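One structure below.
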Amino acid sequence: MAARLGMLIAAGPTREPIDAVRYLANRSSGRLGVCLATAARDAGWEVALLLGPGSVPAPDGVRTCSFETTTELAALLEEHFPRCDVLIMAAAVADYRPRRVAAAKLPRTGENLMLELEPTPDLVAGCAARKRPGQRIVGFALEEPAVLAERAREKLRRKGLDAIVANPLETMGAEEIRATLYAATGEVCTPTVGSATSAGLSKLDFARWLIAWIAVH
């Protein structure tokens, strides 16, 4: 029997292939997820990090598995999620992917190229649907500020999460984060500790705050 795992963290973008060379992706750096893995390690959790492609290195002392596509991340979650106590789903998973992938590089013709996209599976909702009693899931919402709170709360309910971290779009790729946490219990928290400035909180300080919040909830 596989050993029990304390915290599972998924981070970084997915890359969905178009052909042998090109892909669809997003601007997620994976930096926040790496900070979360670092903070969890430092707090004494047994941690596994599922890390998408990018330039941010994984932290020392954390077991790390790499993925590129939504399908690869889904397989890793299938393997590791049943053994964890907490899943932090900070990965920026593509909502759509090409319906067909060309085996070779598509030639440049000078004409318009039409891509047919299909929706990807909702991985965090799938995990929530099969979680065991006592297992907890924290998700993330990245939205325009005007609709952030409303959409975060809606995602929290629809996906069956225990908590969701809501971030305005401008925090993507930034060094700092301005986040609000909404819990299924109705609790709302906006952390302001350590290195907080008018631009927000450092991602490492936020990660330490979130790991501490999880430990007592």
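Residues are referred to by chain and number: the chain letter is A, B, ... according to the order shown in the structure tokens, the number counts from 1 in that chain, and ligands are numbered separately from 1 in the order shown.
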
Within 12 Å of region 26-43 of chain A: each region 87-172 of chain A residue with its shortest pair, only C-alpha atoms, as JSON lines:
```
{"residue": "A:Leu87", "atom": "CA", "partner": "A:Ala37", "partner_atom": "CA", "distance": 11.3}
{"residue": "A:Ile88", "atom": "CA", "partner": "A:Gly33", "partner_atom": "CA", "distance": 8.5}
{"residue": "A:Met89", "atom": "CA", "partner": "A:Gly33", "partner_atom": "CA", "distance": 8.6}
{"residue": "A:Ala90", "atom": "CA", "partner": "A:Gly33", "partner_atom": "CA", "distance": 6.0}
{"residue": "A:Ala91", "atom": "CA", "partner": "A:Gly30", "partner_atom": "CA", "distance": 7.3}
{"residue": "A:Ala92", "atom": "CA", "partner": "A:Ser28", "partner_atom": "CA", "distance": 6.4}
{"residue": "A:Val93", "atom": "CA", "partner": "A:Asn26", "partner_atom": "CA", "distance": 8.7}
{"residue": "A:Ala94", "atom": "CA", "partner": "A:Asn26", "partner_atom": "CA", "distance": 7.7}
{"residue": "A:Asp95", "atom": "CA", "partner": "A:Asn26", "partner_atom": "CA", "distance": 10.5}
{"residue": "A:Tyr96", "atom": "CA", "partner": "A:Asn26", "partner_atom": "CA", "distance": 11.3}
{"residue": "A:Arg97", "atom": "CA", "partner": "A:Asn26", "partner_atom": "CA", "distance": 11.9}
{"residue": "A:Val138", "atom": "CA", "partner": "A:Leu36", "partner_atom": "CA", "distance": 11.9}
{"residue": "A:Gly139", "atom": "CA", "partner": "A:Gly33", "partner_atom": "CA", "distance": 11.7}
{"residue": "A:Phe140", "atom": "CA", "partner": "A:Gly33", "partner_atom": "CA", "distance": 11.0}
{"residue": "A:Leu142", "atom": "CA", "partner": "A:Ser28", "partner_atom": "CA", "distance": 10.8}
{"residue": "A:Val165", "atom": "CA", "partner": "A:Leu32", "partner_atom": "CA", "distance": 11.8}
{"residue": "A:Asn167", "atom": "CA", "partner": "A:Leu32", "partner_atom": "CA", "distance": 11.7}
{"residue": "A:Leu169", "atom": "CA", "partner": "A:Arg27", "partner_atom": "CA", "distance": 10.8}
{"residue": "A:Glu170", "atom": "CA", "partner": "A:Arg27", "partner_atom": "CA", "distance": 11.1}
{"residue": "A:Thr171", "atom": "CA", "partner": "A:Ser28", "partner_atom": "CA", "distance": 9.9}
{"residue": "A:Met172", "atom": "CA", "partner": "A:Ser28", "partner_atom": "CA", "distance": 6.2}
```

Neighbour list for Leu76 (chain A) as a PDB file with N, CA and C atoms, in the first residue's frame, cut-off 12 Å, only C-alpha atoms, skip fewer than 5 positions in-chain:
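Dumped everything to part14.pdb:
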```pdb
ATOM      1  N   LEU A   8      -0.888  17.802  -1.077  1.00  0.00           N
ATOM      2  CA  LEU A   8      -0.639  17.714  -2.513  1.00  0.00           C
ATOM      3  C   LEU A   8      -0.913  19.091  -3.107  1.00  0.00           C
ATOM      4  N   ILE A   9       0.056  19.618  -3.847  1.00  0.00           N
ATOM      5  CA  ILE A   9      -0.065  20.958  -4.432  1.00  0.00           C
ATOM      6  C   ILE A   9       0.149  20.840  -5.939  1.00  0.00           C
ATOM      7  N   ALA A  10      -0.803  21.372  -6.699  1.00  0.00           N
ATOM      8  CA  ALA A  10      -0.663  21.427  -8.158  1.00  0.00           C
ATOM      9  C   ALA A  10      -0.449  22.877  -8.561  1.00  0.00           C
ATOM     10  N   ALA A  48       3.879  16.796  -1.719  1.00  0.00           N
ATOM     11  CA  ALA A  48       4.182  16.444  -3.103  1.00  0.00           C
ATOM     12  C   ALA A  48       3.712  17.597  -3.976  1.00  0.00           C
ATOM     13  N   LEU A  49       4.533  17.995  -4.934  1.00  0.00           N
ATOM     14  CA  LEU A  49       4.245  19.110  -5.826  1.00  0.00           C
ATOM     15  C   LEU A  49       4.103  18.597  -7.251  1.00  0.00           C
ATOM     16  N   LEU A  50       2.971  18.898  -7.862  1.00  0.00           N
ATOM     17  CA  LEU A  50       2.753  18.616  -9.284  1.00  0.00           C
ATOM     18  C   LEU A  50       2.976  19.930 -10.010  1.00  0.00           C
ATOM     19  N   LEU A  51       4.029  20.009 -10.816  1.00  0.00           N
ATOM     20  CA  LEU A  51       4.485  21.295 -11.347  1.00  0.00           C
ATOM     21  C   LEU A  51       4.452  21.302 -12.867  1.00  0.00           C
ATOM     22  N   GLY A  52       3.742  22.287 -13.414  1.00  0.00           N
ATOM     23  CA  GLY A  52       3.664  22.444 -14.855  1.00  0.00           C
ATOM     24  C   GLY A  52       4.909  23.088 -15.433  1.00  0.00           C
ATOM     25  N   THR A  64       8.623  16.130  -6.391  1.00  0.00           N
ATOM     26  CA  THR A  64       8.006  16.878  -7.479  1.00  0.00           C
ATOM     27  C   THR A  64       7.769  15.988  -8.686  1.00  0.00           C
ATOM     28  N   CYS A  65       6.588  16.094  -9.261  1.00  0.00           N
ATOM     29  CA  CYS A  65       6.247  15.408 -10.504  1.00  0.00           C
ATOM     30  C   CYS A  65       5.878  16.469 -11.531  1.00  0.00           C
ATOM     31  N   SER A  66       6.399  16.336 -12.742  1.00  0.00           N
ATOM     32  CA  SER A  66       6.160  17.321 -13.789  1.00  0.00           C
ATOM     33  C   SER A  66       5.018  16.890 -14.702  1.00  0.00           C
ATOM     34  N   PHE A  67       4.309  17.896 -15.231  1.00  0.00           N
ATOM     35  CA  PHE A  67       3.273  17.631 -16.233  1.00  0.00           C
ATOM     36  C   PHE A  67       3.319  18.732 -17.275  1.00  0.00           C
ATOM     37  N   GLU A  68       2.749  18.468 -18.422  1.00  0.00           N
ATOM     38  CA  GLU A  68       2.586  19.498 -19.453  1.00  0.00           C
ATOM     39  C   GLU A  68       1.114  19.705 -19.782  1.00  0.00           C
ATOM     40  N   THR A  69       0.387  18.637 -20.067  1.00  0.00           N
ATOM     41  CA  THR A  69      -0.992  18.769 -20.526  1.00  0.00           C
ATOM     42  C   THR A  69      -1.986  18.524 -19.396  1.00  0.00           C
ATOM     43  N   THR A  70      -3.234  18.908 -19.645  1.00  0.00           N
ATOM     44  CA  THR A  70      -4.308  18.616 -18.702  1.00  0.00           C
ATOM     45  C   THR A  70      -4.437  17.112 -18.488  1.00  0.00           C
ATOM     46  N   THR A  71      -4.281  16.345 -19.537  1.00  0.00           N
ATOM     47  CA  THR A  71      -4.377  14.883 -19.423  1.00  0.00           C
ATOM     48  C   THR A  71      -3.299  14.334 -18.499  1.00  0.00           C
ATOM     49  N   PHE A  81      -4.032  12.001  -5.444  1.00  0.00           N
ATOM     50  CA  PHE A  81      -5.090  12.607  -4.641  1.00  0.00           C
ATOM     51  C   PHE A  81      -5.669  11.662  -3.579  1.00  0.00           C
ATOM     52  N   PRO A  82      -5.892  10.382  -3.872  1.00  0.00           N
ATOM     53  CA  PRO A  82      -6.489   9.521  -2.842  1.00  0.00           C
ATOM     54  C   PRO A  82      -5.657   9.416  -1.566  1.00  0.00           C
ATOM     55  N   ARG A  83      -4.350   9.705  -1.639  1.00  0.00           N
ATOM     56  CA  ARG A  83      -3.479   9.529  -0.475  1.00  0.00           C
ATOM     57  C   ARG A  83      -3.260  10.801   0.327  1.00  0.00           C
ATOM     58  N   LEU A 123     -10.805  19.408 -13.422  1.00  0.00           N
ATOM     59  CA  LEU A 123     -10.038  18.485 -12.586  1.00  0.00           C
ATOM     60  C   LEU A 123     -10.311  18.666 -11.101  1.00  0.00           C
ATOM     61  N   CYS A 127     -11.962  15.956  -8.420  1.00  0.00           N
ATOM     62  CA  CYS A 127     -11.386  15.527  -7.140  1.00  0.00           C
ATOM     63  C   CYS A 127     -12.386  15.730  -6.011  1.00  0.00           C
TER      64      CYS A 127
END
```

Exercise for the section: From a DSSP calculation on the backbone, collect every residue of region 13-214 of chain A in strand (DSSP E) and output the set as a PyMOL selection string. Expected result: chain A and resi 16-17+23-24+47-51+63-66+84-89+96-98+117-119+136-143+163-168+176-177+180-183+188-189+201-202

Exercise for the section: Taking the DSSP assignment computed from this structure's backbone, write out as a PyMOL selection string all residues of region 130-199 of chain A that belong to helix (DSSP H, G or I). Expected result: chain A and resi 145-159+169-171

Residues from the last selection, N, CA and C atoms, saved as a CSV table (one decimal), in the first residue's frame:
```
chain,number,residue,atom,x,y,z
A,145,PRO,N,-11.5,42.2,-11.3
A,145,PRO,CA,-11.8,42.7,-10.0
A,145,PRO,C,-13.3,42.9,-9.8
A,146,ALA,N,-14.0,43.4,-10.8
A,146,ALA,CA,-15.4,43.7,-10.6
A,146,ALA,C,-16.3,42.5,-10.4
A,147,VAL,N,-15.9,41.4,-10.8
A,147,VAL,CA,-16.7,40.2,-10.7
A,147,VAL,C,-16.0,39.1,-9.8
A,148,LEU,N,-14.9,39.4,-9.2
A,148,LEU,CA,-14.1,38.5,-8.6
A,148,LEU,C,-14.8,37.8,-7.4
A,149,ALA,N,-15.4,38.6,-6.5
A,149,ALA,CA,-16.0,38.0,-5.3
A,149,ALA,C,-17.2,37.1,-5.7
A,150,GLU,N,-18.0,37.6,-6.6
A,150,GLU,CA,-19.2,36.8,-7.1
A,150,GLU,C,-18.8,35.5,-7.7
A,151,ARG,N,-17.8,35.5,-8.6
A,151,ARG,CA,-17.4,34.3,-9.3
A,151,ARG,C,-16.7,33.4,-8.4
A,152,ALA,N,-15.9,33.9,-7.5
A,152,ALA,CA,-15.2,33.0,-6.6
A,152,ALA,C,-16.2,32.2,-5.7
A,153,ARG,N,-17.2,32.9,-5.2
A,153,ARG,CA,-18.2,32.3,-4.4
A,153,ARG,C,-19.0,31.2,-5.2
A,154,GLU,N,-19.3,31.6,-6.4
A,154,GLU,CA,-20.0,30.6,-7.3
A,154,GLU,C,-19.2,29.4,-7.6
A,155,LYS,N,-17.9,29.6,-7.8
A,155,LYS,CA,-17.0,28.4,-8.1
A,155,LYS,C,-16.8,27.6,-6.8
A,156,LEU,N,-16.8,28.2,-5.7
A,156,LEU,CA,-16.7,27.5,-4.4
A,156,LEU,C,-17.8,26.5,-4.3
A,157,ARG,N,-19.0,27.0,-4.5
A,157,ARG,CA,-20.2,26.2,-4.4
A,157,ARG,C,-20.3,25.1,-5.5
A,158,ARG,N,-20.1,25.6,-6.8
A,158,ARG,CA,-20.3,24.7,-7.9
A,158,ARG,C,-19.3,23.5,-7.9
A,159,LYS,N,-18.1,23.8,-7.5
A,159,LYS,CA,-17.0,22.8,-7.6
A,159,LYS,C,-17.0,21.9,-6.3
A,169,LEU,N,-6.9,39.6,-11.8
A,169,LEU,CA,-6.1,39.1,-12.9
A,169,LEU,C,-4.7,39.7,-12.9
A,170,GLU,N,-4.5,40.9,-12.4
A,170,GLU,CA,-3.2,41.5,-12.5
A,170,GLU,C,-2.2,40.9,-11.6
A,171,THR,N,-2.6,40.0,-10.8
A,171,THR,CA,-1.6,39.3,-9.9
A,171,THR,C,-0.8,38.2,-10.7
```

Problem - Atomic distance CA of Asn112 (chain A) - CA of Glu16 (chain A), expressed in Å with one decimal - result: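 Computing it gives 20.1 Å between the two atoms.
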
Practice task
Find the residue from A:Val188, A:Cys84, A:Leu113, A:Val216 that sits nearest to Pro133 (chain A); use only C-alpha atoms when measuring.
Solution key: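 Of all the options, A:Cys84 lies closest to Pro133 (chain A).
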